[in-house]
Structure formats: structure tokens, C-alpha cells
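Enquirer: Below is target25.cif; it holds mmCIF, C-alpha atoms.
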data_query
#
loop_
_atom_site.group_PDB
_atom_site.id
_atom_site.type_symbol
_atom_site.label_atom_id
_atom_site.label_comp_id
_atom_site.auth_asym_id
_atom_site.auth_seq_id
_atom_site.Cartn_x
_atom_site.Cartn_y
_atom_site.Cartn_z
ATOM 1 C CA MET B 1 -16.194 -27.734 28.904
ATOM 2 C CA THR B 2 -18.515 -25.809 31.194
ATOM 3 C CA ASP B 3 -20.063 -27.787 34.058
ATOM 4 C CA ARG B 4 -23.839 -27.700 33.618
ATOM 5 C CA GLN B 5 -24.714 -29.819 36.658
ATOM 6 C CA ASN B 6 -26.319 -28.588 39.882
ATOM 7 C CA ARG B 7 -27.532 -25.299 38.486
ATOM 8 C CA VAL B 8 -30.370 -23.334 40.004
ATOM 9 C CA GLY B 9 -33.674 -24.137 38.306
ATOM 10 C CA SER B 10 -32.449 -27.374 36.707
ATOM 11 C CA LYS B 11 -33.363 -30.972 37.403
ATOM 12 C CA PHE B 12 -30.846 -33.411 38.880
ATOM 13 C CA GLY B 13 -28.892 -35.132 36.110
ATOM 14 C CA GLY B 14 -29.960 -32.627 33.471
ATOM 15 C CA GLY B 15 -28.053 -29.761 31.864
ATOM 16 C CA GLY B 16 -28.916 -26.436 33.441
ATOM 17 C CA MET B 17 -29.687 -23.197 31.669
ATOM 18 C CA SER B 18 -26.461 -21.634 30.406
ATOM 19 C CA SER B 19 -25.809 -17.946 30.985
ATOM 20 C CA ALA B 20 -24.983 -15.602 28.119
ATOM 21 C CA PRO B 21 -21.227 -15.369 28.950
ATOM 22 C CA ASN B 22 -20.925 -19.155 29.175
ATOM 23 C CA ALA B 23 -22.794 -19.610 25.902
ATOM 24 C CA GLU B 24 -20.500 -17.112 24.191
ATOM 25 C CA ARG B 25 -17.438 -18.881 25.620
ATOM 26 C CA ASP B 26 -18.692 -22.225 24.342
ATOM 27 C CA ARG B 27 -19.382 -20.741 20.915
ATOM 28 C CA LYS B 28 -15.822 -19.394 20.641
ATOM 29 C CA GLU B 29 -14.424 -22.722 21.764
ATOM 30 C CA ARG B 30 -16.402 -24.547 19.063
ATOM 31 C CA LEU B 31 -15.199 -22.084 16.453
ATOM 32 C CA ARG B 32 -11.614 -22.532 17.606
ATOM 33 C CA GLN B 33 -11.843 -26.307 17.412
ATOM 34 C CA LEU B 34 -13.393 -26.072 13.951
ATOM 35 C CA ALA B 35 -10.670 -23.666 12.808
ATOM 36 C CA LEU B 36 -7.939 -25.956 14.134
ATOM 37 C CA GLU B 37 -9.326 -28.782 12.024
ATOM 38 C CA SER B 38 -9.688 -26.748 8.829
ATOM 39 C CA VAL B 39 -6.935 -24.082 9.010
ATOM 40 C CA ASP B 40 -3.179 -24.613 8.799
ATOM 41 C CA LEU B 41 -1.575 -21.686 10.619
ATOM 42 C CA ALA B 42 1.780 -22.423 9.017
ATOM 43 C CA LYS B 43 0.277 -21.486 5.633
ATOM 44 C CA ASP B 44 -1.672 -18.436 6.830
ATOM 45 C CA PRO B 45 -0.143 -15.429 4.984
ATOM 46 C CA TYR B 46 -1.635 -12.925 7.428
ATOM 47 C CA LEU B 47 -0.318 -14.455 10.672
ATOM 48 C CA MET B 48 2.921 -12.963 11.994
ATOM 49 C CA ARG B 49 4.638 -13.547 15.328
ATOM 50 C CA ASN B 50 6.487 -10.500 16.652
ATOM 51 C CA HIS B 51 9.544 -10.281 18.875
ATOM 52 C CA LEU B 52 7.372 -10.129 22.011
ATOM 53 C CA GLY B 53 5.822 -13.541 21.341
ATOM 54 C CA SER B 54 2.427 -12.110 20.435
ATOM 55 C CA TYR B 55 0.569 -12.754 17.195
ATOM 56 C CA GLU B 56 -0.389 -10.092 14.671
ATOM 57 C CA CYS B 57 -2.938 -10.143 11.870
ATOM 58 C CA LYS B 58 -1.331 -8.308 8.953
ATOM 59 C CA LEU B 59 -4.687 -8.008 7.213
ATOM 60 C CA CYS B 60 -6.591 -6.303 10.045
ATOM 61 C CA LEU B 61 -3.572 -4.878 11.930
ATOM 62 C CA THR B 62 -4.716 -6.455 15.213
ATOM 63 C CA LEU B 63 -2.655 -7.959 18.058
ATOM 64 C CA HIS B 64 -3.418 -11.330 19.702
ATOM 65 C CA THR B 65 -1.965 -13.025 22.765
ATOM 66 C CA ASN B 66 -2.037 -16.618 21.461
ATOM 67 C CA GLU B 67 -3.027 -18.798 18.525
ATOM 68 C CA ALA B 68 -6.460 -19.534 19.946
ATOM 69 C CA ASN B 69 -7.253 -15.843 20.143
ATOM 70 C CA TYR B 70 -6.039 -15.350 16.562
ATOM 71 C CA LEU B 71 -8.156 -18.276 15.322
ATOM 72 C CA ALA B 72 -11.216 -16.794 16.994
ATOM 73 C CA HIS B 73 -10.405 -13.491 15.274
ATOM 74 C CA THR B 74 -10.228 -15.176 11.844
ATOM 75 C CA GLN B 75 -13.833 -16.320 12.263
ATOM 76 C CA GLY B 76 -15.056 -12.832 13.107
ATOM 77 C CA LYS B 77 -16.788 -10.307 10.879
ATOM 78 C CA LYS B 78 -13.817 -7.916 10.609
ATOM 79 C CA HIS B 79 -11.403 -10.544 9.303
ATOM 80 C CA GLN B 80 -13.949 -12.091 6.958
ATOM 81 C CA ALA B 81 -14.819 -8.672 5.552
ATOM 82 C CA GLY B 82 -11.118 -7.973 5.032
ATOM 83 C CA LEU B 83 -10.689 -11.251 3.170
ATOM 84 C CA ALA B 84 -13.639 -10.407 0.929
ATOM 85 C CA LYS B 85 -12.227 -6.968 0.139
ATOM 86 C CA ARG B 86 -8.798 -8.393 -0.612
ATOM 87 C CA ALA B 87 -10.297 -11.047 -2.909
ATOM 88 C CA ALA B 88 -12.281 -8.380 -4.767
ATOM 89 C CA MET B 89 -9.137 -6.243 -5.100
ATOM 90 C CA GLU B 90 -7.111 -9.167 -6.455
ATOM 91 C CA LYS B 91 -9.861 -10.024 -8.933
ATOM 92 C CA LYS B 92 -10.038 -6.434 -10.148
ATOM 93 C CA ARG B 93 -6.263 -6.223 -10.496
ATOM 94 C CA ALA B 94 -6.120 -9.477 -12.438
ATOM 95 C CA ARG B 95 -8.859 -8.224 -14.734
ATOM 96 C CA GLU B 96 -7.003 -4.948 -15.321
ATOM 97 C CA GLU B 97 -3.742 -6.768 -16.029
ATOM 98 C CA GLY B 98 -5.542 -9.032 -18.460
ATOM 99 C CA THR B 99 -7.040 -6.004 -20.188
ATOM 100 C CA THR B 100 -3.636 -4.348 -20.382
ATOM 101 C CA GLY B 101 -2.122 -7.432 -21.963
ATOM 102 C CA THR B 102 -4.808 -7.569 -24.632
ATOM 103 C CA GLY B 103 -4.890 -3.977 -25.803
ATOM 104 C CA GLY B 104 -5.695 -1.943 -22.668
ATOM 105 C CA SER B 105 -3.977 1.355 -21.972
ATOM 106 C CA SER B 106 -2.743 1.757 -18.404
ATOM 107 C CA GLY B 107 0.274 3.861 -19.455
ATOM 108 C CA PRO B 108 1.236 6.233 -22.246
ATOM 109 C CA MET B 109 -0.177 5.194 -25.628
ATOM 110 C CA PRO B 110 2.351 4.652 -28.401
ATOM 111 C CA MET B 111 2.205 7.360 -31.068
ATOM 112 C CA THR B 112 1.981 6.711 -34.797
ATOM 113 C CA LYS B 113 3.849 8.677 -37.448
ATOM 114 C CA ALA B 114 0.783 10.822 -37.931
ATOM 115 C CA GLY B 115 0.923 11.830 -34.271
ATOM 116 C CA VAL B 116 -2.245 10.103 -33.141
ATOM 117 C CA GLY B 117 -2.749 7.170 -30.771
ATOM 118 C CA ALA B 118 -2.668 3.655 -32.097
ATOM 119 C CA SER B 119 -5.937 1.888 -32.787
ATOM 120 C CA SER B 120 -7.651 0.274 -29.799
ATOM 121 C CA THR B 121 -7.854 -2.970 -31.742
ATOM 122 C CA THR B 122 -4.048 -3.175 -31.998
ATOM 123 C CA LYS B 123 -2.495 -5.298 -29.294
ATOM 124 C CA ARG B 124 0.215 -3.742 -27.208
ATOM 125 C CA GLN B 125 3.546 -5.413 -27.576
ATOM 126 C CA GLN B 126 4.899 -7.016 -24.420
ATOM 127 C CA ARG B 127 8.158 -5.273 -23.614
ATOM 128 C CA VAL B 128 10.963 -6.716 -21.528
ATOM 129 C CA ARG B 129 11.860 -4.736 -18.414
ATOM 130 C CA ILE B 130 15.504 -3.678 -18.438
ATOM 131 C CA GLY B 131 15.908 -2.804 -14.763
ATOM 132 C CA ARG B 132 15.643 0.231 -12.537
ATOM 133 C CA PRO B 133 16.627 3.684 -13.778
ATOM 134 C CA GLY B 134 19.315 5.802 -12.165
ATOM 135 C CA TYR B 135 18.118 8.588 -9.895
ATOM 136 C CA GLU B 136 19.262 11.439 -7.698
ATOM 137 C CA ILE B 137 17.478 13.241 -4.843
ATOM 138 C CA THR B 138 18.267 16.692 -3.472
ATOM 139 C CA LYS B 139 16.873 18.376 -0.365
ATOM 140 C CA SER B 140 16.599 22.099 0.212
ATOM 141 C CA ARG B 141 14.542 24.827 1.856
ATOM 142 C CA ASP B 142 12.904 27.882 0.410
ATOM 143 C CA PRO B 143 14.785 30.867 1.873
ATOM 144 C CA ARG B 144 11.622 32.984 1.841
ATOM 145 C CA THR B 145 8.988 30.606 3.258
ATOM 146 C CA ASN B 146 11.296 28.033 4.914
ATOM 147 C CA GLN B 147 9.344 25.272 3.181
ATOM 148 C CA ARG B 148 11.095 21.934 2.756
ATOM 149 C CA CYS B 149 11.743 20.996 -0.857
ATOM 150 C CA LEU B 150 12.533 17.673 -2.537
ATOM 151 C CA THR B 151 13.748 17.336 -6.115
ATOM 152 C CA PHE B 152 13.892 13.968 -7.871
ATOM 153 C CA TYR B 153 16.007 13.357 -10.971
ATOM 154 C CA VAL B 154 15.310 10.055 -12.785
ATOM 155 C CA ASP B 155 17.338 9.100 -15.882
ATOM 156 C CA TYR B 156 15.925 6.961 -18.711
ATOM 157 C CA PRO B 157 18.776 6.734 -21.265
ATOM 158 C CA GLU B 158 17.397 3.618 -22.993
ATOM 159 C CA VAL B 159 14.001 5.074 -23.923
ATOM 160 C CA ASP B 160 13.447 4.398 -27.629
ATOM 161 C CA ASP B 161 11.516 7.514 -28.583
ATOM 162 C CA PRO B 162 11.524 10.306 -25.970
ATOM 163 C CA ASN B 163 9.019 12.278 -28.037
ATOM 164 C CA ALA B 164 6.414 9.495 -27.827
ATOM 165 C CA THR B 165 7.091 8.304 -24.291
ATOM 166 C CA GLN B 166 6.866 10.411 -21.161
ATOM 167 C CA PRO B 167 7.320 9.205 -17.559
ATOM 168 C CA ARG B 168 4.279 9.198 -15.320
ATOM 169 C CA HIS B 169 4.032 9.624 -11.579
ATOM 170 C CA ARG B 170 1.513 9.141 -8.799
ATOM 171 C CA PHE B 171 1.346 9.079 -5.005
ATOM 172 C CA MET B 172 0.602 5.877 -3.083
ATOM 173 C CA SER B 173 -0.448 5.564 0.556
ATOM 174 C CA ALA B 174 1.353 3.250 2.971
ATOM 175 C CA TYR B 175 -1.659 0.925 2.987
ATOM 176 C CA GLU B 176 -1.526 0.345 -0.787
ATOM 177 C CA GLN B 177 2.073 -0.876 -0.905
ATOM 178 C CA ARG B 178 3.159 -4.444 -0.144
ATOM 179 C CA VAL B 179 6.873 -3.972 0.495
ATOM 180 C CA GLU B 180 6.838 -2.916 4.146
ATOM 181 C CA SER B 181 4.665 -4.568 6.767
ATOM 182 C CA PRO B 182 3.005 -3.367 8.892
ATOM 183 C CA PRO B 183 2.364 -0.121 6.968
ATOM 184 C CA ASP B 184 3.515 3.132 8.556
ATOM 185 C CA ARG B 185 0.974 5.898 8.024
ATOM 186 C CA ARG B 186 3.637 8.541 8.703
ATOM 187 C CA TYR B 187 4.954 7.995 5.169
ATOM 188 C CA GLN B 188 3.674 7.906 1.602
ATOM 189 C CA TYR B 189 5.271 6.813 -1.656
ATOM 190 C CA LEU B 190 6.003 8.661 -4.890
ATOM 191 C CA LEU B 191 5.974 6.282 -7.881
ATOM 192 C CA VAL B 192 7.591 7.078 -11.235
ATOM 193 C CA ALA B 193 7.059 4.790 -14.232
ATOM 194 C CA CYS B 194 8.381 4.780 -17.775
ATOM 195 C CA GLU B 195 8.670 1.855 -20.186
ATOM 196 C CA PRO B 196 10.740 -0.224 -20.604
ATOM 197 C CA TYR B 197 12.158 0.455 -17.107
ATOM 198 C CA GLU B 198 10.827 -0.871 -13.829
ATOM 199 C CA THR B 199 8.692 1.420 -11.693
ATOM 200 C CA VAL B 200 10.630 3.098 -8.881
ATOM 201 C CA GLY B 201 9.161 4.307 -5.583
ATOM 202 C CA PHE B 202 10.424 6.969 -3.172
ATOM 203 C CA LYS B 203 9.403 6.971 0.502
ATOM 204 C CA ILE B 204 8.546 10.505 1.621
ATOM 205 C CA PRO B 205 6.785 12.003 4.677
ATOM 206 C CA ASN B 206 3.002 11.754 4.608
ATOM 207 C CA GLU B 207 2.458 15.491 4.858
ATOM 208 C CA PRO B 208 0.382 17.920 2.760
ATOM 209 C CA ILE B 209 2.072 18.971 -0.471
ATOM 210 C CA ASP B 210 1.888 22.536 -1.716
ATOM 211 C CA ARG B 211 0.034 22.500 -5.042
ATOM 212 C CA ALA B 212 0.329 26.223 -5.682
ATOM 213 C CA GLU B 213 1.825 27.520 -8.914
ATOM 214 C CA GLY B 214 5.556 26.902 -9.024
ATOM 215 C CA ARG B 215 5.472 24.631 -5.970
ATOM 216 C CA PHE B 216 4.847 21.322 -7.735
ATOM 217 C CA VAL B 217 6.718 21.112 -11.024
ATOM 218 C CA THR B 218 7.519 18.231 -13.391
ATOM 219 C CA ASN B 219 9.740 18.314 -16.460
ATOM 220 C CA TRP B 220 10.698 15.733 -19.099
ATOM 221 C CA SER B 221 13.914 16.592 -20.920
ATOM 222 C CA ARG B 222 13.759 14.762 -24.243
ATOM 223 C CA GLU B 223 17.376 15.596 -25.088
ATOM 224 C CA ASP B 224 18.841 14.270 -21.828
ATOM 225 C CA ARG B 225 16.063 11.691 -21.257
ATOM 226 C CA ARG B 226 15.807 12.907 -17.672
ATOM 227 C CA PHE B 227 12.593 13.305 -15.677
ATOM 228 C CA THR B 228 12.582 15.955 -12.940
ATOM 229 C CA LEU B 229 9.973 16.415 -10.221
ATOM 230 C CA THR B 230 10.120 19.156 -7.586
ATOM 231 C CA LEU B 231 7.692 19.416 -4.676
ATOM 232 C CA TYR B 232 7.286 21.559 -1.563
ATOM 233 C CA PHE B 233 5.700 20.483 1.713
ATOM 234 C CA MET B 234 3.159 22.721 3.355
ATOM 235 C CA GLU B 235 4.478 24.337 6.520
ATOM 236 C CA PRO B 236 2.280 25.223 9.546
ATOM 237 C CA SER B 237 1.300 28.861 9.679
ATOM 238 C CA GLY B 238 2.849 29.137 13.124
ATOM 239 C CA ASP B 239 6.316 28.402 11.738
ATOM 240 C CA ASP B 240 5.971 31.154 9.149
ATOM 241 C CA GLU B 241 4.847 33.635 11.807
ATOM 242 C CA THR B 242 7.799 32.721 14.017
ATOM 243 C CA LYS B 243 10.244 33.193 11.170
ATOM 244 C CA GLU B 244 8.806 36.565 10.182
ATOM 245 C CA GLY B 245 8.969 37.730 13.783
#
Show how you would write the structure in this file as C-alpha cells.
Expert:
Amino acid sequence: MTDRQNRVGSKFGGGGMSSAPNAERDRKERLRQLALESVDLAKDPYLMRNHLGSYECKLCLTLHTNEANYLAHTQGKKHQAGLAKRAAMEKKRAREEGTTGTGGSSGPMPMTKAGVGASSTTKRQQRVRIGRPGYEITKSRDPRTNQRCLTFYVDYPEVDDPNATQPRHRFMSAYEQRVESPPDRRYQYLLVACEPYETVGFKIPNEPIDRAEGRFVTNWSREDRRFTLTLYFMEPSGDDETKEG
């Protein structure tokens, strides 16, 4: 504790006036002691010790020299705000999953014989996942523009009705996924989903994708039950000028 004796302007035997830095130090020490009594670091899902012996907060992506510094961080505004956002996200996800299980439509709607969507009052049947689909990836370059090209082939041979079911895709940032930690912003993820298979994700560079006509193409072959997606990355204008020269 800070020695408060023999300070200028204080009476003998009494605690002197504490300066702002000392008061802040005492406040952090009290918070640390309180956290030690109420928090079990062994059960903290966001605490990670790296190979250098330092401590990392996986929620806020911050680095700390020791446990005391990490505990002080957990009582700060940034960490508390992150916890609140994560709790709100989990609550929203649980609500969406509950809605999906009771008649919601987060994927393709099953088609009736008449060709229209099933009634919203009809509960969706819970299907059993049968594993990951087979896939193939090819890399190439456009000989004219020198743009890098990726083509994904995903096979779904066990799809019941290829006319009623079509695979869906979307892009996910590195901060949305929970597989790799800490997230690497140099990459993004392409997700492809089709019932009753598990969703597969492909890790690709986090670079702008050319959305021009013929540069981003998807195709669902109902006969072969194969989904194809082809994309081109945007190339800097300087590279094109160098090639033309």
C-alpha cells in the first residue's frame, strides 16, 4: 500500500492528501484484489498464454504482461463492452436457432408439388447431417487481364430432390469465425451450405472480388448434383499497365 505518512500539508499521524497517480494506482489494486476473489482465471475462456509468456485477451485482442494486468483489463470499459456485445450476439443466435427449429426459414424452403413454398405454420423437419461433401479447387489466371481465378466444385450426391434444393453461399470475415484464434484479417472465408450436408468453409485471401459480368459465376447442376462457383480477384491497375507495356 502507498505510504500516506509525512506528506506536505498533512498533520502528524494522519493520512496525507493522495495525488492523482497514487489514487489511480490504489484503485487498480483494489479492482485486482476484488477480481482475484471473484474470478477464476483457469475458467476464463478469453485468457490465453502465448509462447512468450505473455497473456492475451482473445475477446479484445490485447496483450498483457502478467495476470494482474489482465485482471485490471477485465474490469475496464473495453472488455466489459465486448462481453455485452458477445452476450447480445449469443442471445440473438439462440433466438434465431429456436425460430429455425420451430418453422423459421434460414435456408432454402422445401417446395410442394404445386411448386410453391410450404406453409409458414408447417414445422420444418429436423434432418440428420450426413457429413461433409466432396470438393475440388482449381487455380488459374486470366490470360488477358492476368487476374487470379479460383473455381470451387462441391458435390452433393445424396441430395433428395435437386430441383427443390439448391446450395447457398456467403462470405464470412475472419472476425466472425470461431475456428482460428486469433483471427487473421488477411483472409476471409467462403461458406457453402446444402442440406442434409454439413456447411463447408474455404479460406481465401481477403482481397476485393471482381463482381463484373462473367467474373463471379455460380452454377447448380441438377443432373450431376454438383455446385460450381468461380470468382476473380481484382488486380491493381498498375499490374495491368505493366503487363500491357
Enquirer: Assuming the chain letters and numbering stay as they are in my file, what does the PyMOL selection byres ((chain B and resi 220) around 12) actually select? List them as a ChimeraX atom specification.
Expert: /B:152-156,162-169,194,217-219,221-229
Enquirer: Would you mind listing what lies within 6 Å of stretch 19-32 of chain B as a list in words, with only C-alpha atoms counted and same-chain residues fewer than 2 positions away left out?
Expert: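 Residues near the query, excluding close chain neighbours: Leu34, Ala35, Leu71 and Ala72 of chain B.
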Enquirer: B:Leu231, B:Ala87, B:Leu52, B:Leu59: which is nearest B:Glu213, counting all atoms listed in the file?
Expert: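 Distance minimum relative to B:Glu213 lands on B:Leu231.
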Enquirer: Can you list what the PyMOL selection byres ((chain B and resi 149) around 6) grabs from this structure, as a list in words?
Expert: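 With the shown file as input, the PyMOL selection byres ((chain B and resi 149) around 6) matches Lys139, Ser140, Arg141, Arg148, Leu150, Leu231 and Tyr232 of chain B.
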Enquirer: Of the candidates B:Tyr135, B:Phe233, B:Phe216, B:Tyr189, which shows the shortest atom-to-atom distance to B:Ile204, using all atoms listed in the file?
Expert: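 Nearest candidate to B:Ile204 out of B:Tyr135, B:Phe233, B:Phe216, B:Tyr189: B:Tyr189.
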